[in-house]
2 protein chains.
Amino acid sequence: MRTIKLNSKQKELIEKMGVYMEKSGVSPAQARIMGLLLICDELELTFEEIYETLQISKSAASSALNTLLTSERIEYITRPGERKRYFRNRIGQWEDDFDKRFQHLLKVSQLMKEILEVRTKSTKDFNSKLQKAINFMEFLQGELPELHKKWKKLNK
Amino acid sequence: MRTIKLNSKQKELIEKMGVYMEKSGVSPAQARIMGLLLICDELELTFEEIYETLQISKSAASSALNTLLTSERIEYITRPGERKRYFRNRIGQWEDDFDKRFQHLLKVSQLMKEILEVRTKSTKDFNSKLQKAINFMEFLQGELPELHKKWKKLNK
DNA sequence: TTTTTAGTTCTGTTGTAACAGAACTAAAAA
DNA sequence: TTTTTAGTTCTGTTACAACAGAACTAAAAA
């Protein structure tokens, strides 16, 4: 038995975090794993610790962990002379996340531009509103990197 | 028959937009309706036009439209003396969307703060990284409204 | 008054996600 | 060499989303 001990507040927060993450599209098991890795005292948990603590099956843990790994929400380390993997939250990830959201915004604006090009020219009001939305996205594309720089400067 | 005519480029873009929107969690029918309302020449489509053009059943159209309405992704208008509704894209919505994303960010940072409070104090490096992520979110909470103002100023 | 319109609601089907549980496997330990 | 460990993979179950199709309904038109 390698169950991780959690107090009631921790359990509550894992559920809260779980509900929250499920809304953003991940499965319950994935959400709970994310929560566990963020909340429990130990930063690096083994496969066994994870499925025993969360009371999920090995198969559920296996597929959830692999999905979280490929979506880069968690990572693992190994220790010299040990076969098992230690899974942990990618706490450094949020800066990459910021960049990803940025890439996403870029794709949206490109698609919207493509759509605007194909649209009939007769719906002038609609098209100008669409253009405005595109403008705003492009404005953000200019400003967000600046913002990031500003923050970096504040933090060194 | 009230089918809306679409050229091949429009059809292609509706599918492209569909694939794109499905990734963000909406059903295929909802995604296609969104695409149709954004891409076709007519801005306001009736129930019949929608389900006939997209070749989906009335029930699928009904539930998709209602979901899109409650999630405020589309809206409808009526015309004097007419019973039917004209559905259209909420093109003015994107500024609200911006605010919603902002609210979301606020919730995330609050949850993260709550988690940090409960965490053991012994994982100093991890906690300081978490604190840094929180700081960045709070930094954004200060800066994003400023950005919005800046853009508004540029556009009046 | 009946018929059409503009949907909604009900029933049934299909596909798939999210698991559990058990069997399996490759490496390491005993 | 056998046994344990650290998972993976396979099979089966359950639940639910996403529809289609048909029946239904309330208002308006004919």
# chains A, B, ... in the order shown; residues from 1 in each chain; ligands from 1
$ select_by_dssp --residues "region 8-122 of chain A" --states "helix (DSSP H, G or I)" --output "NGL selection string"
:A and (8-23 or 28-39 or 47-54 or 58-70 or 91-118)
$ residues_around --residues "region 14-22 of chain D" --least-positions-apart "3" --cutoff "10 Å" --atoms "only C-alpha atoms (C1' of nucleotides)" --output "list in words"
Ser27, Pro28, Ala29, Ile56, Ser57, Lys58, Ser59, Ala60, Ala61 and Ala64 of chain B; DC10, DT11, DG12, DT13, DT14, DG15, DT16, DA17, DA18 and DC19 of chain C
$ calpha_fit_and_write --fixed "chain B" --moving "chain A" --output "PDB file with C-alpha atoms, in the first residue's frame"
ATOM      1  CA  MET A   1     -37.368  23.964 -50.172  1.00  0.00           C
ATOM      2  CA  ARG A   2     -35.559  26.801 -48.588  1.00  0.00           C
ATOM      3  CA  THR A   3     -32.032  25.566 -49.122  1.00  0.00           C
ATOM      4  CA  ILE A   4     -29.332  28.184 -49.082  1.00  0.00           C
ATOM      5  CA  LYS A   5     -26.984  28.005 -52.016  1.00  0.00           C
ATOM      6  CA  LEU A   6     -23.325  27.761 -51.154  1.00  0.00           C
ATOM      7  CA  ASN A   7     -20.359  27.693 -53.457  1.00  0.00           C
ATOM      8  CA  SER A   8     -17.595  25.181 -52.929  1.00  0.00           C
ATOM      9  CA  LYS A   9     -15.313  27.635 -51.197  1.00  0.00           C
ATOM     10  CA  GLN A  10     -18.042  28.447 -48.719  1.00  0.00           C
ATOM     11  CA  LYS A  11     -18.718  24.775 -48.092  1.00  0.00           C
ATOM     12  CA  GLU A  12     -15.035  24.189 -47.543  1.00  0.00           C
ATOM     13  CA  LEU A  13     -14.807  27.022 -45.055  1.00  0.00           C
ATOM     14  CA  ILE A  14     -17.862  25.809 -43.156  1.00  0.00           C
ATOM     15  CA  GLU A  15     -16.202  22.424 -42.739  1.00  0.00           C
ATOM     16  CA  LYS A  16     -12.913  24.045 -41.758  1.00  0.00           C
ATOM     17  CA  MET A  17     -14.631  26.227 -39.228  1.00  0.00           C
ATOM     18  CA  GLY A  18     -16.578  23.168 -38.081  1.00  0.00           C
ATOM     19  CA  VAL A  19     -13.488  21.099 -37.407  1.00  0.00           C
ATOM     20  CA  TYR A  20     -12.032  24.036 -35.626  1.00  0.00           C
ATOM     21  CA  MET A  21     -15.019  24.602 -33.376  1.00  0.00           C
ATOM     22  CA  GLU A  22     -15.498  20.954 -32.564  1.00  0.00           C
ATOM     23  CA  LYS A  23     -12.078  21.059 -30.961  1.00  0.00           C
ATOM     24  CA  SER A  24     -13.389  23.676 -28.610  1.00  0.00           C
ATOM     25  CA  GLY A  25     -16.103  21.356 -27.407  1.00  0.00           C
ATOM     26  CA  VAL A  26     -19.232  21.947 -29.450  1.00  0.00           C
ATOM     27  CA  SER A  27     -21.061  19.195 -31.333  1.00  0.00           C
ATOM     28  CA  PRO A  28     -20.697  18.772 -35.101  1.00  0.00           C
ATOM     29  CA  ALA A  29     -24.188  20.124 -35.741  1.00  0.00           C
ATOM     30  CA  GLN A  30     -23.553  23.163 -33.563  1.00  0.00           C
ATOM     31  CA  ALA A  31     -20.212  23.746 -35.230  1.00  0.00           C
ATOM     32  CA  ARG A  32     -21.725  23.640 -38.712  1.00  0.00           C
ATOM     33  CA  ILE A  33     -24.534  25.979 -37.748  1.00  0.00           C
ATOM     34  CA  MET A  34     -22.005  28.450 -36.400  1.00  0.00           C
ATOM     35  CA  GLY A  35     -20.017  28.159 -39.590  1.00  0.00           C
ATOM     36  CA  LEU A  36     -23.062  28.572 -41.802  1.00  0.00           C
ATOM     37  CA  LEU A  37     -24.199  31.681 -39.956  1.00  0.00           C
ATOM     38  CA  LEU A  38     -20.757  33.189 -40.295  1.00  0.00           C
ATOM     39  CA  ILE A  39     -20.078  32.325 -43.892  1.00  0.00           C
ATOM     40  CA  CYS A  40     -23.234  32.353 -45.987  1.00  0.00           C
ATOM     41  CA  ASP A  41     -24.375  35.539 -47.690  1.00  0.00           C
ATOM     42  CA  GLU A  42     -27.666  35.755 -45.814  1.00  0.00           C
ATOM     43  CA  LEU A  43     -27.111  36.899 -42.263  1.00  0.00           C
ATOM     44  CA  GLU A  44     -30.384  35.726 -40.847  1.00  0.00           C
ATOM     45  CA  LEU A  45     -31.548  32.192 -41.479  1.00  0.00           C
ATOM     46  CA  THR A  46     -34.724  30.422 -40.514  1.00  0.00           C
ATOM     47  CA  PHE A  47     -34.979  27.063 -38.847  1.00  0.00           C
ATOM     48  CA  GLU A  48     -35.952  25.432 -42.128  1.00  0.00           C
ATOM     49  CA  GLU A  49     -33.127  27.037 -44.073  1.00  0.00           C
ATOM     50  CA  ILE A  50     -30.648  25.834 -41.517  1.00  0.00           C
ATOM     51  CA  TYR A  51     -31.637  22.187 -41.314  1.00  0.00           C
ATOM     52  CA  GLU A  52     -32.236  21.872 -45.037  1.00  0.00           C
ATOM     53  CA  THR A  53     -28.988  23.498 -46.022  1.00  0.00           C
ATOM     54  CA  LEU A  54     -26.961  21.464 -43.562  1.00  0.00           C
ATOM     55  CA  GLN A  55     -28.972  18.301 -44.206  1.00  0.00           C
ATOM     56  CA  ILE A  56     -29.578  17.582 -40.561  1.00  0.00           C
ATOM     57  CA  SER A  57     -32.824  16.541 -38.910  1.00  0.00           C
ATOM     58  CA  LYS A  58     -35.240  18.993 -37.355  1.00  0.00           C
ATOM     59  CA  SER A  59     -34.587  17.567 -33.908  1.00  0.00           C
ATOM     60  CA  ALA A  60     -30.839  17.913 -34.306  1.00  0.00           C
ATOM     61  CA  ALA A  61     -31.308  21.475 -35.490  1.00  0.00           C
ATOM     62  CA  SER A  62     -33.681  22.265 -32.646  1.00  0.00           C
ATOM     63  CA  SER A  63     -31.404  21.059 -29.881  1.00  0.00           C
ATOM     64  CA  ALA A  64     -28.269  22.482 -31.464  1.00  0.00           C
ATOM     65  CA  LEU A  65     -29.894  25.877 -31.922  1.00  0.00           C
ATOM     66  CA  ASN A  66     -31.175  25.931 -28.370  1.00  0.00           C
ATOM     67  CA  THR A  67     -27.781  25.014 -27.001  1.00  0.00           C
ATOM     68  CA  LEU A  68     -26.141  27.729 -29.096  1.00  0.00           C
ATOM     69  CA  LEU A  69     -28.742  30.202 -27.881  1.00  0.00           C
ATOM     70  CA  THR A  70     -28.287  29.444 -24.189  1.00  0.00           C
ATOM     71  CA  SER A  71     -24.507  29.503 -24.546  1.00  0.00           C
ATOM     72  CA  GLU A  72     -24.978  32.878 -26.224  1.00  0.00           C
ATOM     73  CA  ARG A  73     -23.057  31.977 -29.345  1.00  0.00           C
ATOM     74  CA  ILE A  74     -25.964  32.906 -31.569  1.00  0.00           C
ATOM     75  CA  GLU A  75     -29.154  34.928 -31.191  1.00  0.00           C
ATOM     76  CA  TYR A  76     -32.402  35.345 -33.079  1.00  0.00           C
ATOM     77  CA  ILE A  77     -34.672  38.119 -34.166  1.00  0.00           C
ATOM     78  CA  THR A  78     -38.276  38.130 -35.195  1.00  0.00           C
ATOM     79  CA  ARG A  79     -39.981  40.251 -37.794  1.00  0.00           C
ATOM     80  CA  PRO A  80     -43.276  42.071 -37.302  1.00  0.00           C
ATOM     81  CA  GLY A  81     -46.213  39.881 -38.151  1.00  0.00           C
ATOM     82  CA  GLU A  82     -44.053  36.777 -38.580  1.00  0.00           C
ATOM     83  CA  ARG A  83     -43.921  33.816 -36.302  1.00  0.00           C
ATOM     84  CA  LYS A  84     -40.656  32.337 -37.402  1.00  0.00           C
ATOM     85  CA  ARG A  85     -37.372  33.258 -35.905  1.00  0.00           C
ATOM     86  CA  TYR A  86     -34.328  34.400 -37.788  1.00  0.00           C
ATOM     87  CA  PHE A  87     -31.133  33.070 -36.313  1.00  0.00           C
ATOM     88  CA  ARG A  88     -27.884  34.883 -36.687  1.00  0.00           C
ATOM     89  CA  ASN A  89     -24.337  34.980 -35.505  1.00  0.00           C
ATOM     90  CA  ARG A  90     -23.698  37.225 -32.540  1.00  0.00           C
ATOM     91  CA  ILE A  91     -21.018  39.178 -34.273  1.00  0.00           C
ATOM     92  CA  GLY A  92     -20.951  41.767 -31.518  1.00  0.00           C
ATOM     93  CA  GLN A  93     -20.184  39.038 -29.039  1.00  0.00           C
ATOM     94  CA  TRP A  94     -16.415  39.007 -29.182  1.00  0.00           C
ATOM     95  CA  GLU A  95     -15.994  41.869 -26.764  1.00  0.00           C
ATOM     96  CA  ASP A  96     -18.096  40.003 -24.222  1.00  0.00           C
ATOM     97  CA  ASP A  97     -15.998  36.930 -24.941  1.00  0.00           C
ATOM     98  CA  PHE A  98     -12.936  38.875 -24.039  1.00  0.00           C
ATOM     99  CA  ASP A  99     -14.510  39.759 -20.709  1.00  0.00           C
ATOM    100  CA  LYS A 100     -15.531  36.158 -20.133  1.00  0.00           C
ATOM    101  CA  ARG A 101     -12.020  34.876 -20.680  1.00  0.00           C
ATOM    102  CA  PHE A 102     -10.959  37.489 -18.252  1.00  0.00           C
ATOM    103  CA  GLN A 103     -13.419  36.252 -15.640  1.00  0.00           C
ATOM    104  CA  HIS A 104     -12.113  32.761 -16.254  1.00  0.00           C
ATOM    105  CA  LEU A 105      -8.552  33.855 -15.619  1.00  0.00           C
ATOM    106  CA  LEU A 106      -9.707  35.421 -12.385  1.00  0.00           C
ATOM    107  CA  LYS A 107     -11.257  32.165 -11.226  1.00  0.00           C
ATOM    108  CA  VAL A 108      -8.134  30.188 -12.075  1.00  0.00           C
ATOM    109  CA  SER A 109      -5.916  32.509 -10.130  1.00  0.00           C
ATOM    110  CA  GLN A 110      -8.239  32.392  -7.147  1.00  0.00           C
ATOM    111  CA  LEU A 111      -8.261  28.608  -7.158  1.00  0.00           C
ATOM    112  CA  MET A 112      -4.483  28.536  -7.432  1.00  0.00           C
ATOM    113  CA  LYS A 113      -4.175  30.872  -4.471  1.00  0.00           C
ATOM    114  CA  GLU A 114      -6.459  28.661  -2.448  1.00  0.00           C
ATOM    115  CA  ILE A 115      -4.316  25.680  -3.362  1.00  0.00           C
ATOM    116  CA  LEU A 116      -1.097  27.460  -2.488  1.00  0.00           C
ATOM    117  CA  GLU A 117      -2.481  28.321   0.944  1.00  0.00           C
ATOM    118  CA  VAL A 118      -3.228  24.693   1.668  1.00  0.00           C
ATOM    119  CA  ARG A 119       0.056  23.352   0.330  1.00  0.00           C
ATOM    120  CA  THR A 120       2.843  22.217   2.619  1.00  0.00           C
ATOM    121  CA  LYS A 121       5.389  24.974   3.126  1.00  0.00           C
ATOM    122  CA  SER A 122       8.272  22.559   2.687  1.00  0.00           C
ATOM    123  CA  THR A 123       8.244  22.452  -1.115  1.00  0.00           C
ATOM    124  CA  LYS A 124       9.752  25.882  -1.439  1.00  0.00           C
ATOM    125  CA  ASP A 125      10.788  25.758  -5.070  1.00  0.00           C
ATOM    126  CA  PHE A 126       7.491  24.369  -6.276  1.00  0.00           C
ATOM    127  CA  ASN A 127       5.505  26.843  -4.219  1.00  0.00           C
ATOM    128  CA  SER A 128       7.490  29.778  -5.492  1.00  0.00           C
ATOM    129  CA  LYS A 129       6.892  28.653  -9.070  1.00  0.00           C
ATOM    130  CA  LEU A 130       3.205  28.367  -8.325  1.00  0.00           C
ATOM    131  CA  GLN A 131       3.313  31.804  -6.759  1.00  0.00           C
ATOM    132  CA  LYS A 132       4.985  33.120  -9.872  1.00  0.00           C
ATOM    133  CA  ALA A 133       2.255  31.715 -12.073  1.00  0.00           C
ATOM    134  CA  ILE A 134      -0.301  33.375  -9.806  1.00  0.00           C
ATOM    135  CA  ASN A 135       1.619  36.626  -9.994  1.00  0.00           C
ATOM    136  CA  PHE A 136       1.563  36.498 -13.754  1.00  0.00           C
ATOM    137  CA  MET A 137      -2.173  35.928 -13.797  1.00  0.00           C
ATOM    138  CA  GLU A 138      -2.687  38.828 -11.467  1.00  0.00           C
ATOM    139  CA  PHE A 139      -0.381  40.936 -13.575  1.00  0.00           C
ATOM    140  CA  LEU A 140      -2.568  40.144 -16.575  1.00  0.00           C
ATOM    141  CA  GLN A 141      -5.657  41.029 -14.566  1.00  0.00           C
ATOM    142  CA  GLY A 142      -4.197  44.456 -14.119  1.00  0.00           C
ATOM    143  CA  GLU A 143      -2.979  44.873 -17.665  1.00  0.00           C
ATOM    144  CA  LEU A 144      -5.758  43.442 -19.796  1.00  0.00           C
ATOM    145  CA  PRO A 145      -8.350  46.080 -18.943  1.00  0.00           C
ATOM    146  CA  GLU A 146      -5.742  48.692 -19.783  1.00  0.00           C
ATOM    147  CA  LEU A 147      -5.137  47.015 -23.087  1.00  0.00           C
ATOM    148  CA  HIS A 148      -8.833  47.001 -23.791  1.00  0.00           C
ATOM    149  CA  LYS A 149      -9.009  50.716 -23.055  1.00  0.00           C
ATOM    150  CA  LYS A 150      -6.050  51.366 -25.307  1.00  0.00           C
ATOM    151  CA  TRP A 151      -7.743  49.584 -28.154  1.00  0.00           C
ATOM    152  CA  LYS A 152     -11.011  51.412 -27.605  1.00  0.00           C
ATOM    153  CA  LYS A 153      -9.151  54.701 -27.773  1.00  0.00           C
ATOM    154  CA  LEU A 154      -7.489  53.663 -31.040  1.00  0.00           C
ATOM    155  CA  ASN A 155     -10.872  52.867 -32.510  1.00  0.00           C
ATOM    156  CA  LYS A 156     -12.885  55.958 -31.859  1.00  0.00           C
TER     157      LYS A 156
END
$ interface_residues --of "chain D" --to "chain A" --cutoff "9 Å" --atoms "only C-alpha atoms (C1' of nucleotides)" --output "JSON, numbers by chain"
{"D": [5, 6, 7, 8, 9]}
$ write_last_selection --atoms "N, CA and C atoms (P, O5', C5', C4', C3', O3' and C1' of nucleotides)" --output "CSV table (one decimal), in the first residue's frame"
chain,number,residue,atom,x,y,z
D,5,DT,P,6.7,-6.2,-4.9
D,5,DT,O5',7.1,-5.3,-6.1
D,5,DT,C5',8.5,-5.1,-6.4
D,5,DT,C4',8.6,-4.3,-7.7
D,5,DT,C3',7.6,-3.2,-7.9
D,5,DT,O3',8.3,-2.1,-8.3
D,5,DT,C1',7.6,-4.6,-9.8
D,6,DA,P,7.7,-0.6,-8.3
D,6,DA,O5',7.3,-0.4,-9.8
D,6,DA,C5',8.4,-0.3,-10.8
D,6,DA,C4',7.7,-0.1,-12.1
D,6,DA,C3',6.5,0.8,-12.2
D,6,DA,O3',6.6,1.6,-13.4
D,6,DA,C1',5.8,-1.2,-12.9
D,7,DG,P,5.8,3.0,-13.5
D,7,DG,O5',4.3,2.6,-13.5
D,7,DG,C5',3.5,2.7,-14.7
D,7,DG,C4',3.7,1.5,-15.6
D,7,DG,C3',2.8,1.4,-16.7
D,7,DG,O3',3.3,2.0,-17.9
D,7,DG,C1',3.3,-0.8,-15.8
D,8,DT,P,2.3,2.5,-19.0
D,8,DT,O5',2.0,1.1,-19.7
D,8,DT,C5',3.0,0.4,-20.4
D,8,DT,C4',2.4,-0.7,-21.2
D,8,DT,C3',1.3,-0.3,-22.2
D,8,DT,O3',1.5,-1.1,-23.4
D,8,DT,C1',0.5,-2.0,-20.7
D,9,DT,P,0.6,-0.7,-24.7
D,9,DT,O5',-0.3,-2.0,-24.9
D,9,DT,C5',0.2,-3.3,-24.4
D,9,DT,C4',-1.0,-4.2,-24.4
D,9,DT,C3',-2.2,-3.9,-25.4
D,9,DT,O3',-2.6,-5.1,-26.0
D,9,DT,C1',-3.0,-4.2,-23.2
$ closest_atom_pairs --of "chain C" --to "chain B" --cutoff "12 Å" --atoms "only C-alpha atoms (C1' of nucleotides)" --output "tab-separated table"
residue	atom	partner	partner_atom	distance
C:DT5	C1'	B:Lys84	CA	8.4
C:DA6	C1'	B:Lys84	CA	6.0
C:DG7	C1'	B:Ser62	CA	7.7
C:DT8	C1'	B:Ser62	CA	7.6
C:DT9	C1'	B:Ser59	CA	8.6
C:DC10	C1'	B:Ser59	CA	10.4
